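> Quick one, run.cif (mmCIF, C-alpha atoms and all ligand atoms):
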data_protein
#
loop_
_atom_site.group_PDB
_atom_site.id
_atom_site.type_symbol
_atom_site.label_atom_id
_atom_site.label_comp_id
_atom_site.auth_asym_id
_atom_site.auth_seq_id
_atom_site.Cartn_x
_atom_site.Cartn_y
_atom_site.Cartn_z
ATOM 1 C CA MET A 597 0.000 0.000 0.000
ATOM 2 C CA GLN A 598 1.461 3.330 -1.047
ATOM 3 C CA ILE A 599 0.576 6.377 1.013
ATOM 4 C CA GLN A 600 -0.802 8.998 -1.356
ATOM 5 C CA GLU A 601 -2.607 11.489 0.814
ATOM 6 C CA GLU A 602 -2.672 12.803 4.302
ATOM 7 C CA ILE A 603 -5.677 13.521 6.476
ATOM 8 C CA THR A 604 -5.584 16.512 8.805
ATOM 9 C CA ILE A 605 -8.136 16.602 11.603
ATOM 10 C CA SER A 606 -8.680 19.578 13.889
ATOM 11 C CA VAL A 607 -9.179 18.497 17.498
ATOM 12 C CA ALA A 608 -10.001 20.459 20.649
ATOM 13 C CA SER A 609 -10.442 19.296 24.220
ATOM 14 C CA THR A 610 -13.945 19.910 25.606
ATOM 15 C CA ARG A 611 -13.012 19.505 29.253
ATOM 16 C CA PRO A 612 -14.098 22.601 31.192
ATOM 17 C CA CYS A 613 -10.988 22.647 33.379
ATOM 18 C CA SER A 614 -7.434 21.379 33.614
ATOM 19 C CA ARG A 615 -5.188 20.568 36.569
ATOM 20 C CA CYS A 616 -1.937 22.422 37.173
ATOM 21 C CA PRO A 617 0.937 19.924 36.671
ATOM 22 C CA LEU A 618 2.798 21.439 39.637
ATOM 23 C CA CYS A 619 0.152 21.776 42.397
ATOM 24 C CA ALA A 620 -2.690 19.684 40.846
ATOM 25 C CA GLN A 621 -5.294 22.377 41.511
ATOM 26 C CA ALA A 622 -8.040 22.536 38.856
ATOM 27 C CA SER A 623 -8.417 25.749 36.897
ATOM 28 C CA THR A 624 -11.122 27.027 34.544
ATOM 29 C CA SER A 625 -9.343 30.343 33.819
ATOM 30 C CA VAL A 626 -8.175 30.174 30.207
ATOM 31 C CA HIS A 627 -5.098 32.307 29.484
ATOM 32 C CA SER A 628 -4.714 31.661 25.742
ATOM 33 C CA HIS A 629 -4.861 29.077 22.965
ATOM 34 C CA TYR A 630 -2.269 27.756 20.562
ATOM 35 C CA SER A 631 -2.136 25.113 17.893
ATOM 36 C CA ARG A 632 0.201 22.149 17.681
ATOM 37 C CA THR A 633 0.318 19.285 15.209
ATOM 38 C CA VAL A 634 0.908 15.640 16.102
ATOM 39 C CA ARG A 635 0.934 12.465 14.010
ATOM 40 C CA ASP A 636 -1.709 9.861 14.794
ATOM 41 C CA VAL A 637 -2.449 6.280 13.736
ATOM 42 C CA PRO A 638 -3.304 5.958 10.025
ATOM 43 C CA CYS A 639 -6.859 5.874 8.694
ATOM 44 C CA GLY A 640 -7.574 3.902 5.532
ATOM 45 C CA GLY A 641 -3.851 3.690 4.770
ATOM 46 C CA ARG A 642 -3.390 7.451 4.938
ATOM 47 C CA ASN A 643 -1.225 9.372 7.350
ATOM 48 C CA VAL A 644 -3.241 11.283 9.913
ATOM 49 C CA ARG A 645 -2.170 14.580 11.413
ATOM 50 C CA LEU A 646 -4.108 16.044 14.304
ATOM 51 C CA ARG A 647 -4.128 19.816 14.652
ATOM 52 C CA LEU A 648 -4.648 20.166 18.387
ATOM 53 C CA ALA A 649 -6.143 23.367 19.770
ATOM 54 C CA VAL A 650 -4.398 23.497 23.128
ATOM 55 C CA ARG A 651 -5.327 25.869 25.935
ATOM 56 C CA LYS A 652 -3.155 27.534 28.533
ATOM 57 C CA PHE A 653 -4.665 28.126 31.939
ATOM 58 C CA PHE A 654 -3.892 30.410 34.864
ATOM 59 C CA CYS A 655 -3.035 28.573 38.079
ATOM 60 C CA ARG A 656 -5.084 30.346 40.757
ATOM 61 C CA ASN A 657 -3.228 28.735 43.669
ATOM 62 C CA SER A 658 -1.326 31.653 45.215
ATOM 63 C CA ALA A 659 1.187 29.253 46.813
ATOM 64 C CA CYS A 660 2.068 27.650 43.447
ATOM 65 C CA GLN A 661 5.185 28.794 41.590
ATOM 66 C CA ARG A 662 3.602 28.191 38.189
ATOM 67 C CA LYS A 663 1.253 30.968 37.134
ATOM 68 C CA ILE A 664 0.382 29.684 33.649
ATOM 69 C CA PHE A 665 0.309 26.090 32.472
ATOM 70 C CA THR A 666 -0.614 24.177 29.336
ATOM 71 C CA GLU A 667 -3.443 21.686 29.587
ATOM 72 C CA ARG A 668 -2.339 18.067 29.666
ATOM 73 C CA LEU A 669 -3.905 15.252 27.670
ATOM 74 C CA PRO A 670 -2.176 12.431 29.562
ATOM 75 C CA THR A 671 -3.887 9.430 27.971
ATOM 76 C CA PHE A 672 -3.606 10.868 24.473
ATOM 77 C CA VAL A 673 -0.343 12.740 23.877
ATOM 78 C CA GLU A 674 2.710 13.761 25.908
ATOM 79 C CA PRO A 675 3.216 17.525 26.348
ATOM 80 C CA TRP A 676 6.034 17.928 23.796
ATOM 81 C CA ALA A 677 5.613 14.773 21.737
ATOM 82 C CA GLN A 678 5.259 14.834 17.950
ATOM 83 C CA MET A 679 2.978 11.782 17.861
ATOM 84 C CA THR A 680 0.080 10.405 19.888
ATOM 85 C CA LEU A 681 0.585 7.705 22.491
ATOM 86 C CA ARG A 682 -1.411 5.221 20.419
ATOM 87 C CA LEU A 683 0.874 5.780 17.404
ATOM 88 C CA ILE A 684 3.902 5.316 19.650
ATOM 89 C CA ALA A 685 2.338 2.076 20.975
ATOM 90 C CA ALA A 686 1.731 0.856 17.394
ATOM 91 C CA ILE A 687 5.333 1.624 16.386
ATOM 92 C CA GLN A 688 6.653 -0.105 19.513
ATOM 93 C CA ALA A 689 4.508 -3.184 18.815
ATOM 94 C CA ILE A 690 5.799 -3.345 15.239
ATOM 95 C CA GLY A 691 9.363 -2.796 16.434
ATOM 96 C CA LEU A 692 9.159 -5.481 19.115
ATOM 97 C CA SER A 693 7.705 -8.055 16.746
ATOM 98 C CA THR A 694 9.957 -7.374 13.776
ATOM 99 C CA SER A 695 12.780 -4.927 14.618
ATOM 100 C CA GLY A 696 14.779 -2.752 12.289
ATOM 101 C CA ARG A 697 14.300 -2.443 8.534
ATOM 102 C CA LEU A 698 11.720 -5.215 8.282
ATOM 103 C CA GLY A 699 9.589 -3.355 10.808
ATOM 104 C CA ALA A 700 9.832 -0.130 8.796
ATOM 105 C CA ARG A 701 8.602 -1.981 5.702
ATOM 106 C CA LEU A 702 5.709 -3.544 7.639
ATOM 107 C CA ALA A 703 4.805 -0.150 9.110
ATOM 108 C CA ALA A 704 4.710 1.357 5.601
ATOM 109 C CA HIS A 705 2.282 -1.396 4.529
ATOM 110 C CA LEU A 706 0.097 -0.533 7.518
ATOM 111 C CA GLY A 707 0.122 3.165 6.556
ATOM 112 C CA ILE A 708 2.599 4.280 9.236
ATOM 113 C CA SER A 709 5.506 6.167 7.741
ATOM 114 C CA THR A 710 8.502 5.690 9.999
ATOM 115 C CA SER A 711 12.147 4.743 9.788
ATOM 116 C CA TRP A 712 13.946 1.743 11.231
ATOM 117 C CA MET A 713 15.847 4.126 13.508
ATOM 118 C CA THR A 714 12.583 5.476 14.938
ATOM 119 C CA LEU A 715 11.479 1.894 15.595
ATOM 120 C CA VAL A 716 14.704 1.236 17.477
ATOM 121 C CA ARG A 717 14.385 4.514 19.456
ATOM 122 C CA ARG A 718 10.795 3.703 20.451
ATOM 123 C CA ILE A 719 11.847 0.245 21.645
ATOM 124 C CA MET A 720 14.659 1.848 23.656
ATOM 125 C CA ASP A 721 12.056 4.180 25.250
ATOM 126 C CA LEU A 722 10.265 1.185 26.767
ATOM 127 C CA PRO A 723 10.951 0.652 30.460
ATOM 128 C CA THR A 724 13.141 -2.290 31.376
ATOM 129 C CA PRO A 725 11.007 -4.944 33.062
ATOM 130 C CA SER A 726 11.745 -5.571 36.713
ATOM 131 C CA ALA A 727 13.966 -8.575 37.444
ATOM 132 C CA GLY A 728 11.708 -9.557 40.334
ATOM 133 C CA LEU A 729 12.981 -11.514 43.331
ATOM 134 C CA VAL A 730 16.438 -12.977 42.649
ATOM 135 C CA THR A 731 16.831 -16.341 44.390
ATOM 136 C CA ALA A 732 20.093 -17.474 42.771
ATOM 137 C CA LEU A 733 22.817 -15.478 41.027
ATOM 138 C CA GLY A 734 25.781 -16.851 39.116
ATOM 139 C CA ILE A 735 28.688 -15.266 37.264
ATOM 140 C CA ASP A 736 30.249 -17.264 34.456
ATOM 141 C CA ASP A 737 33.831 -16.897 33.234
ATOM 142 C CA PHE A 738 34.597 -13.350 34.259
ATOM 143 C CA SER A 739 37.988 -11.667 34.696
ATOM 144 C CA PHE A 740 39.339 -8.141 34.406
ATOM 145 C CA ARG A 741 42.774 -9.403 33.367
ATOM 146 C CA ARG A 742 43.499 -12.923 32.211
ATOM 147 C CA GLY A 743 45.657 -15.019 34.482
ATOM 148 C CA ARG A 744 44.993 -12.849 37.549
ATOM 149 C CA ARG A 745 42.423 -13.151 40.288
HETATM 150 ZN ZN ZN B 1 -0.271 25.355 40.293
#
What is this file in structure tokens?
Ligand SMILES: [Zn+2]

Amino acid sequence: MQIQEEITISVASTRPCSRCPLCAQASTSVHSHYSRTVRDVPCGGRNVRLRLAVRKFFCRNSACQRKIFTERLPTFVEPWAQMTLRLIAAIQAIGLSTSGRLGARLAAHLGISTSWMTLVRRIMDLPTPSAGLVTALGIDDFSFRRGRR
């Protein structure tokens, strides 16, 4: 599948308030708006760009150091990210199942334009799973300098 066109969708949050990321107090006082563009999962084999209308709010907590903050969309997109969390999850899933150049080719067939390096970076962004409780530990054939203890 060759990507021929791109879909741009304008999106705005309808939540009446947002919480300050520093003090967590809710605010309904809108300071200003700005627009940012993020990539999203493809639709019908076409790249999707979301034009987000993002609001800035005043923090009305007098004890808070932050006076103005940008609304957060924590389950949808990170504050400074260039793609949505669901697109990142799709790229990570492709990267984990294929890795490298093969993954980039599969992603292109699924309508996700990305590079093998982006796949590798997104895999590296994943947290390392916890080792859990270690009951036995062994070290095999280790030496700083051969012939010395
Ligand atoms: Zn605050």
> Taking all atoms listed in the file into account, which residues are within 12 Å of ligand ZN 1 (chain B), as a VMD selection string?
chain A and resid 614 to 623 653 to 667
> Quick check on the file I pasted: which residues fall under the PyMOL selection byres (((chain A and resi 721-735) around 12) and not hetatm)? Write them as a list in words.
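Given this file, the PyMOL selection byres (((chain A and resi 721-735) around 12) and not hetatm) evaluates to Ile684, Ala685, Ile687, Gln688, Ala689, Gly691, Leu692, Thr714, Leu715, Val716, Arg717, Arg718, Ile719, Met720, Asp736, Asp737, Phe738 and Ser739 of chain A.
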> Suppose we keep C-alpha atoms; can you now write the selection as a PDB file, keeping the file's coordinate frame?

ATOM      1  CA  ILE A 684       3.902   5.316  19.650  1.00  0.00           C
ATOM      2  CA  ALA A 685       2.338   2.076  20.975  1.00  0.00           C
ATOM      3  CA  ILE A 687       5.333   1.624  16.386  1.00  0.00           C
ATOM      4  CA  GLN A 688       6.653  -0.105  19.513  1.00  0.00           C
ATOM      5  CA  ALA A 689       4.508  -3.184  18.815  1.00  0.00           C
ATOM      6  CA  GLY A 691       9.363  -2.796  16.434  1.00  0.00           C
ATOM      7  CA  LEU A 692       9.159  -5.481  19.115  1.00  0.00           C
ATOM      8  CA  THR A 714      12.583   5.476  14.938  1.00  0.00           C
ATOM      9  CA  LEU A 715      11.479   1.894  15.595  1.00  0.00           C
ATOM     10  CA  VAL A 716      14.704   1.236  17.477  1.00  0.00           C
ATOM     11  CA  ARG A 717      14.385   4.514  19.456  1.00  0.00           C
ATOM     12  CA  ARG A 718      10.795   3.703  20.451  1.00  0.00           C
ATOM     13  CA  ILE A 719      11.847   0.245  21.645  1.00  0.00           C
ATOM     14  CA  MET A 720      14.659   1.848  23.656  1.00  0.00           C
ATOM     15  CA  ASP A 736      30.249 -17.264  34.456  1.00  0.00           C
ATOM     16  CA  ASP A 737      33.831 -16.897  33.234  1.00  0.00           C
ATOM     17  CA  PHE A 738      34.597 -13.350  34.259  1.00  0.00           C
ATOM     18  CA  SER A 739      37.988 -11.667  34.696  1.00  0.00           C
TER      19      SER A 739
END
> Residues within 12 Å of Ala703 (chain A), please, as a PDB file with C-alpha atoms, in the frame of the given file. Count all atoms listed in the file; anything in the same chain fewer than 3 positions from it doesn't count.

ATOM      1  CA  MET A 597       0.000   0.000   0.000  1.00  0.00           C
ATOM      2  CA  GLN A 598       1.461   3.330  -1.047  1.00  0.00           C
ATOM      3  CA  ILE A 599       0.576   6.377   1.013  1.00  0.00           C
ATOM      4  CA  VAL A 637      -2.449   6.280  13.736  1.00  0.00           C
ATOM      5  CA  PRO A 638      -3.304   5.958  10.025  1.00  0.00           C
ATOM      6  CA  GLY A 641      -3.851   3.690   4.770  1.00  0.00           C
ATOM      7  CA  ARG A 642      -3.390   7.451   4.938  1.00  0.00           C
ATOM      8  CA  ASN A 643      -1.225   9.372   7.350  1.00  0.00           C
ATOM      9  CA  LEU A 683       0.874   5.780  17.404  1.00  0.00           C
ATOM     10  CA  ILE A 684       3.902   5.316  19.650  1.00  0.00           C
ATOM     11  CA  ALA A 686       1.731   0.856  17.394  1.00  0.00           C
ATOM     12  CA  ILE A 687       5.333   1.624  16.386  1.00  0.00           C
ATOM     13  CA  GLN A 688       6.653  -0.105  19.513  1.00  0.00           C
ATOM     14  CA  ALA A 689       4.508  -3.184  18.815  1.00  0.00           C
ATOM     15  CA  ILE A 690       5.799  -3.345  15.239  1.00  0.00           C
ATOM     16  CA  GLY A 691       9.363  -2.796  16.434  1.00  0.00           C
ATOM     17  CA  SER A 693       7.705  -8.055  16.746  1.00  0.00           C
ATOM     18  CA  THR A 694       9.957  -7.374  13.776  1.00  0.00           C
ATOM     19  CA  SER A 695      12.780  -4.927  14.618  1.00  0.00           C
ATOM     20  CA  GLY A 696      14.779  -2.752  12.289  1.00  0.00           C
ATOM     21  CA  ARG A 697      14.300  -2.443   8.534  1.00  0.00           C
ATOM     22  CA  LEU A 698      11.720  -5.215   8.282  1.00  0.00           C
ATOM     23  CA  GLY A 699       9.589  -3.355  10.808  1.00  0.00           C
ATOM     24  CA  ALA A 700       9.832  -0.130   8.796  1.00  0.00           C
ATOM     25  CA  LEU A 706       0.097  -0.533   7.518  1.00  0.00           C
ATOM     26  CA  GLY A 707       0.122   3.165   6.556  1.00  0.00           C
ATOM     27  CA  ILE A 708       2.599   4.280   9.236  1.00  0.00           C
ATOM     28  CA  SER A 709       5.506   6.167   7.741  1.00  0.00           C
ATOM     29  CA  THR A 710       8.502   5.690   9.999  1.00  0.00           C
ATOM     30  CA  SER A 711      12.147   4.743   9.788  1.00  0.00           C
ATOM     31  CA  TRP A 712      13.946   1.743  11.231  1.00  0.00           C
ATOM     32  CA  THR A 714      12.583   5.476  14.938  1.00  0.00           C
ATOM     33  CA  LEU A 715      11.479   1.894  15.595  1.00  0.00           C
TER      34      LEU A 715
END
> Give the answer as one residue: which of A:Leu681, A:Val650, A:Val644, A:Cys639 has the shortest atom-to-atom distance to Thr610 (chain A), using all atoms listed in the file?
A:Val650
> Just give me the gap between CA of His705 (chain A) and CA of Pro675 (chain A) in Å, one decimal is fine.
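According to the coordinates, CA of His705 (chain A) and CA of Pro675 (chain A) are separated by 28.9 Å.
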